[in-house]
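Have a look at structure.cif below; it lists mmCIF, C-alpha atoms and all ligand atoms.
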```cif
data_start
#
loop_
_atom_site.label_atom_id
_atom_site.label_comp_id
_atom_site.auth_asym_id
_atom_site.auth_seq_id
_atom_site.Cartn_x
_atom_site.Cartn_y
_atom_site.Cartn_z
CA MET A 203 -175.54 -57.63 52.55
CA LYS A 204 -178.61 -58.64 54.53
CA LEU A 205 -178.16 -61.38 57.11
CA PRO A 206 -180.48 -64.32 56.35
CA ASP A 207 -182.58 -65.40 59.31
CA LEU A 208 -181.32 -68.96 59.81
CA LYS A 209 -182.29 -71.03 62.84
CA ILE A 210 -179.26 -73.19 63.41
CA LEU A 211 -179.96 -76.17 65.66
CA ASP A 212 -177.94 -76.66 68.82
CA GLU A 213 -176.21 -79.97 69.62
CA LYS A 214 -178.95 -80.82 72.15
CA GLU A 215 -181.60 -81.05 69.41
CA LYS A 216 -182.41 -84.65 68.46
CA THR A 217 -183.12 -83.66 64.84
CA LEU A 218 -179.37 -83.19 64.36
CA ARG A 219 -179.02 -86.94 64.86
CA LEU A 220 -181.25 -87.86 61.92
CA LYS A 221 -179.75 -89.47 58.88
CA SER A 222 -180.40 -87.23 55.88
CA HIS A 223 -181.93 -88.48 52.64
CA GLU A 224 -180.84 -88.48 49.01
CA VAL A 225 -182.03 -85.42 47.12
CA SER A 226 -183.81 -85.66 43.77
CA PHE A 227 -183.72 -83.09 40.97
CA PRO A 228 -184.72 -80.50 40.02
CA LEU A 229 -184.31 -78.85 43.40
CA SER A 230 -187.29 -76.97 44.75
CA LYS A 231 -187.25 -73.18 44.81
CA GLU A 232 -187.20 -73.39 48.58
CA ASP A 233 -184.09 -75.57 48.62
CA LYS A 234 -182.34 -73.21 46.21
CA LYS A 235 -183.20 -70.28 48.46
CA THR A 236 -181.90 -72.14 51.50
CA ILE A 237 -178.62 -72.83 49.65
CA ASN A 238 -178.25 -69.13 48.82
CA ASP A 239 -179.11 -68.11 52.37
CA ILE A 240 -176.47 -70.47 53.76
CA ILE A 241 -173.83 -69.12 51.37
CA THR A 242 -174.66 -65.55 52.41
CA TYR A 243 -174.69 -66.43 56.11
CA LEU A 244 -171.36 -68.30 56.04
CA THR A 245 -169.74 -65.55 53.98
CA MET A 246 -170.94 -62.80 56.32
CA SER A 247 -169.85 -64.81 59.36
CA GLN A 248 -166.27 -64.66 58.06
CA ILE A 249 -166.21 -60.89 57.37
CA LYS A 250 -165.20 -58.82 60.39
CA LYS A 251 -167.61 -55.94 59.81
CA TYR A 252 -170.55 -58.37 59.75
CA TYR A 253 -169.55 -60.83 62.45
CA GLU A 254 -168.97 -57.93 64.79
CA LYS A 255 -172.20 -56.17 63.86
CA TYR A 256 -174.37 -59.29 64.16
CA ASN A 257 -172.33 -61.07 66.82
CA LEU A 258 -171.81 -64.14 64.62
CA ARG A 259 -169.50 -67.03 65.22
CA PRO A 260 -167.37 -67.48 62.08
CA GLY A 261 -168.16 -70.73 60.29
CA MET A 262 -167.12 -72.18 56.95
CA GLY A 263 -169.58 -75.05 56.64
CA LEU A 264 -173.22 -75.86 57.24
CA ALA A 265 -175.36 -78.88 56.39
CA PHE A 266 -179.10 -78.70 55.72
CA ILE A 267 -179.78 -80.88 58.76
CA GLN A 268 -178.40 -78.09 60.96
CA LEU A 269 -181.49 -76.13 59.90
CA GLY A 270 -183.66 -79.17 60.61
CA ILE A 271 -183.88 -80.27 56.97
CA PRO A 272 -182.79 -83.92 56.54
CA LYS A 273 -181.46 -83.67 52.99
CA ASN A 274 -178.02 -84.65 51.75
CA ILE A 275 -176.82 -81.12 51.06
CA PHE A 276 -174.02 -79.12 52.59
CA ILE A 277 -172.29 -75.86 51.81
CA ILE A 278 -168.71 -74.81 52.41
CA VAL A 279 -167.53 -71.23 51.99
CA GLU A 280 -163.77 -70.93 51.99
CA GLU A 281 -161.91 -67.65 52.27
CA VAL A 282 -159.25 -68.05 49.56
CA ASP A 283 -157.90 -64.51 49.82
CA ASP A 284 -158.67 -61.47 51.94
CA GLU A 285 -162.50 -61.35 51.85
CA VAL A 286 -162.51 -63.40 48.65
CA PHE A 287 -164.60 -66.53 48.97
CA GLU A 288 -165.07 -69.78 47.11
CA ASN A 289 -168.29 -71.77 47.58
CA TYR A 290 -168.87 -75.48 47.45
CA VAL A 291 -172.47 -76.64 47.12
CA ILE A 292 -172.35 -80.40 47.61
CA ILE A 293 -175.40 -82.60 47.08
CA ASN A 294 -175.59 -86.40 47.58
CA PRO A 295 -171.86 -86.81 48.27
CA LYS A 296 -170.11 -90.19 48.31
CA ILE A 297 -166.50 -90.99 49.13
CA ILE A 298 -164.77 -92.62 46.16
CA SER A 299 -161.31 -92.92 47.70
CA HIS A 300 -159.27 -91.51 50.53
CA SER A 301 -155.70 -91.34 51.76
CA GLU A 302 -154.33 -93.70 54.37
CA GLU A 303 -152.79 -90.69 56.04
CA LEU A 304 -154.78 -89.13 58.85
CA ILE A 305 -154.67 -85.53 60.02
CA TYR A 306 -156.33 -83.49 62.74
CA VAL A 307 -156.88 -79.81 63.37
CA GLY A 308 -154.54 -78.79 66.19
CA GLU A 309 -156.82 -76.00 67.45
CA GLY A 310 -159.76 -78.40 67.42
CA GLU A 311 -162.73 -78.38 65.07
CA GLY A 312 -165.64 -76.00 65.41
CA CYS A 313 -169.28 -76.36 64.51
CA LEU A 314 -172.09 -73.80 64.37
CA SER A 315 -174.24 -76.31 66.29
CA VAL A 316 -171.71 -76.76 69.10
CA ASN A 317 -171.64 -73.57 71.12
CA ARG A 318 -168.73 -74.37 73.39
CA GLU A 319 -165.03 -74.95 73.19
CA VAL A 320 -164.17 -78.63 72.69
CA THR A 321 -160.57 -79.79 72.50
CA GLY A 322 -159.29 -83.14 71.38
CA ILE A 323 -158.36 -85.04 68.28
CA VAL A 324 -160.82 -85.71 65.48
CA PRO A 325 -159.05 -88.04 63.03
CA ARG A 326 -159.67 -87.16 59.38
CA TYR A 327 -158.33 -88.36 56.04
CA ALA A 328 -155.67 -85.99 54.70
CA ARG A 329 -157.05 -86.30 51.15
CA MET A 330 -160.09 -87.76 49.51
CA THR A 331 -162.03 -87.86 46.28
CA ILE A 332 -165.79 -87.63 46.40
CA SER A 333 -168.57 -87.77 43.86
CA TYR A 334 -171.53 -85.43 44.27
CA GLN A 335 -174.20 -83.59 42.33
CA ASP A 336 -174.18 -79.87 41.75
CA ILE A 337 -177.17 -77.54 42.09
CA ASP A 338 -178.44 -78.60 38.63
CA GLY A 339 -178.04 -82.30 39.33
CA ASN A 340 -174.88 -82.76 37.24
CA GLN A 341 -172.69 -85.59 38.46
CA LYS A 342 -169.26 -84.31 39.49
CA GLN A 343 -166.09 -85.34 41.28
CA ILE A 344 -163.80 -83.33 43.47
CA ARG A 345 -160.48 -84.05 45.13
CA VAL A 346 -159.95 -82.28 48.44
CA ARG A 347 -157.02 -82.05 50.80
CA GLU A 348 -155.95 -80.69 54.17
CA ASP A 349 -158.39 -78.24 55.81
CA ILE A 350 -160.96 -78.58 53.01
CA SER A 351 -160.79 -82.36 53.34
CA VAL A 352 -161.49 -81.94 57.07
CA ALA A 353 -164.39 -79.59 56.35
CA PHE A 354 -165.92 -82.04 53.85
CA GLN A 355 -165.67 -84.94 56.30
CA HIS A 356 -167.13 -82.81 59.10
CA GLU A 357 -170.14 -81.92 56.91
CA MET A 358 -170.56 -85.46 55.56
CA ASP A 359 -170.73 -86.65 59.16
CA HIS A 360 -173.63 -84.24 59.74
CA LEU A 361 -175.52 -86.02 56.93
CA ASN A 362 -175.19 -89.20 59.00
CA GLY A 363 -176.23 -87.53 62.25
CA ILE A 364 -172.68 -87.46 63.59
CA LEU A 365 -171.06 -84.49 65.33
CA PHE A 366 -167.30 -83.95 65.62
CA ILE A 367 -167.55 -84.19 69.42
CA ASP A 368 -168.66 -87.84 69.02
CA LYS A 369 -165.25 -88.69 67.56
CA ILE A 370 -163.17 -87.39 70.46
CA ASP A 371 -162.18 -90.00 73.03
CA LYS A 372 -163.78 -88.79 76.27
CA ASN A 373 -161.17 -90.35 78.55
CA ASP A 374 -158.18 -89.54 76.39
CA PRO A 375 -158.95 -86.62 74.03
CA PHE A 376 -155.45 -86.65 72.52
CA LYS A 377 -155.23 -90.40 72.01
CA ASN A 378 -153.15 -91.55 69.02
CA LYS A 379 -151.77 -88.03 68.53
CA ASP A 380 -148.46 -89.45 67.33
CA LYS A 381 -150.12 -91.52 64.62
CA MET A 382 -151.42 -88.54 62.67
CA ARG A 383 -150.29 -85.20 61.40
CA GLU A 384 -151.45 -81.96 62.95
CA ILE A 385 -152.63 -79.22 60.62
NI NI B 1 -170.73 -78.76 62.07
#
```
Translate this file's structure into structure tokens.
Ligand code: NI
Amino acid sequence: MKLPDLKILDEKEKTLRLKSHEVSFPLSKEDKKTINDIITYLTMSQIKKYYEKYNLRPGMGLAFIQLGIPKNIFIIVEEVDDEVFENYVIINPKIISHSEELIYVGEGEGCLSVNREVTGIVPRYARMTISYQDIDGNQKQIRVREDISVAFQHEMDHLNGILFIDKIDKNDPFKNKDKMREI
């Protein structure tokens, strides 16, 4: 596999704070290429031989805005078995419903745009159903839960210019810990 040359924006870049726009179909060739590059990058970043070789930080999700492109598209690559991956290409997502129950990642969330360790609670819905369009513009729905629900919410925040670090209480990073479930 060849590592795609992606320029991932750092948290200091103002572009990351832009609100992304709805995408119309058909997608351009360029957008399709960017989607494929992101899938390859995220996959390689989770395979030891590649992350060691290229000194990559493992990541499972990336939104177009993290490459400076303000379009409502994000990709999630989940390792479902040892070096077996499932991809989600999510375009124009909208939350249809979500659980009352909140969860948070005990180890803290990570982001390829945040190059430092940040601890604290980021409250997320335990489950949600979203509508979105696939790469051909077909309208779809998906129900997500647990870590994938967290990943979807993290990426949907990017589309609104929000980073996970914004959601951590600066003065009390573990505030309301007892009101949600750790995953
Ligand atoms: Ni992120």
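Residue nearest Tyr306 (chain A), chosen from A:Ile337, A:Ile275, A:Ala328, A:Leu269 and counting only C-alpha atoms: A:Ala328.
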Once you count all atoms listed in the file, what closest atom pair and distance in Å to one decimal does each residue of chain A within 8 Å of ligand NI 1 (chain B) have, with rows by chain and rising residue number, as a tab-separated table?
```
residue	atom	partner	partner_atom	distance
A:Gly263	CA	B:NI1	NI	6.7
A:Leu264	CA	B:NI1	NI	6.2
A:Ala265	CA	B:NI1	NI	7.3
A:Gln268	CA	B:NI1	NI	7.8
A:Gly312	CA	B:NI1	NI	6.7
A:Cys313	CA	B:NI1	NI	3.7
A:Leu314	CA	B:NI1	NI	5.6
A:Ser315	CA	B:NI1	NI	6.0
A:Val316	CA	B:NI1	NI	7.4
A:His356	CA	B:NI1	NI	6.2
A:Glu357	CA	B:NI1	NI	6.1
A:His360	CA	B:NI1	NI	6.6
A:Leu365	CA	B:NI1	NI	6.6
A:Phe366	CA	B:NI1	NI	7.2
```
For the point (-165.0, -92.0, 47.6) in the file's frame, write as a short mmCIF file (atom, residue, chain, number, x, y, z; two decimals) with C-alpha atoms, keeping the file's coordinate frame all residues with an atom no more than 10 Å away, counting only C-alpha atoms.
```cif
data_model
loop_
_atom_site.label_atom_id
_atom_site.label_comp_id
_atom_site.auth_asym_id
_atom_site.auth_seq_id
_atom_site.Cartn_x
_atom_site.Cartn_y
_atom_site.Cartn_z
CA PRO A 295 -171.86 -86.81 48.27
CA LYS A 296 -170.11 -90.19 48.31
CA ILE A 297 -166.50 -90.99 49.13
CA ILE A 298 -164.77 -92.62 46.16
CA SER A 299 -161.31 -92.92 47.70
CA HIS A 300 -159.27 -91.51 50.53
CA MET A 330 -160.09 -87.76 49.51
CA THR A 331 -162.03 -87.86 46.28
CA ILE A 332 -165.79 -87.63 46.40
CA SER A 333 -168.57 -87.77 43.86
CA TYR A 334 -171.53 -85.43 44.27
CA GLN A 343 -166.09 -85.34 41.28
CA ILE A 344 -163.80 -83.33 43.47
CA ARG A 345 -160.48 -84.05 45.13
#
```
How far is it from CA of Arg259 (chain A) to CA of Ile385 (chain A), in Å with one decimal?
21.3 Å
Find the residues of region 289-330 of chain A that sit at most 12 Å from region 237-247 of chain A; for each, write down the nearest two atoms and how far apart they are in Å, to one decimal. Count all atoms listed in the file. Sort by chain, then by number going up, and give it as CSV.
```
residue,atom,partner,partner_atom,distance
A:Asn289,CA,A:Ile241,CA,7.2
A:Tyr290,CA,A:Ile241,CA,9.0
A:Val291,CA,A:Ile237,CA,7.7
A:Ile292,CA,A:Ile237,CA,10.0
A:Ile293,CA,A:Ile237,CA,10.6
A:Cys313,CA,A:Leu244,CA,11.9
A:Leu314,CA,A:Leu244,CA,10.0
```
What separates CA of Lys273 (chain A) and CA of Lys342 (chain A) is a distance of 18.2 Å
Region 279-303 of chain A near region 317-326 of chain A within 12 Å: what's each residue's closest atom pair and its distance in Å to one decimal, counting all atoms listed in the file, ordered by chain then ascending residue number, as JSON lines?
```
{"residue": "A:His300", "atom": "CA", "partner": "A:Arg326", "partner_atom": "CA", "distance": 9.9}
{"residue": "A:Ser301", "atom": "CA", "partner": "A:Arg326", "partner_atom": "CA", "distance": 9.6}
{"residue": "A:Glu302", "atom": "CA", "partner": "A:Arg326", "partner_atom": "CA", "distance": 9.8}
{"residue": "A:Glu303", "atom": "CA", "partner": "A:Arg326", "partner_atom": "CA", "distance": 8.4}
```
Between CA of Ser226 (chain A) and CA of Gln341 (chain A), what distance in Å does the model show, to one decimal?
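Going from CA of Ser226 (chain A) over to CA of Gln341 (chain A) covers 12.3 Å.
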Could you give me, as a ChimeraX atom specification, the residues that sit within 9 Å of (-152.2, -88.6, 66.2) in the file's coordinates, counting all atoms listed in the file?
/A:304-306,323,325,376-384
Residue neighbourhood Met262 (chain A), 7 Å, only C-alpha atoms, exclusion window fewer than 5 positions, as an MDAnalysis selection string:
chainID A and resid 244 278:280
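Using all atoms listed in the file, the nearest neighbour of Lys221 (chain A) within the list A:Asp371, A:Glu254, A:Asn274, A:Gly261 is A:Asn274.
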Of the candidates A:Phe266, A:Phe276, A:Phe227, A:Tyr253, which one gets nearest to Met358 (chain A) if we count all atoms listed in the file?
A:Phe276
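Ranking A:Glu348, A:Ile267, A:Phe287, A:Glu281 by their shortest atom-to-atom distance to Glu215 (chain A), with all atoms listed in the file included, puts A:Ile267 first.
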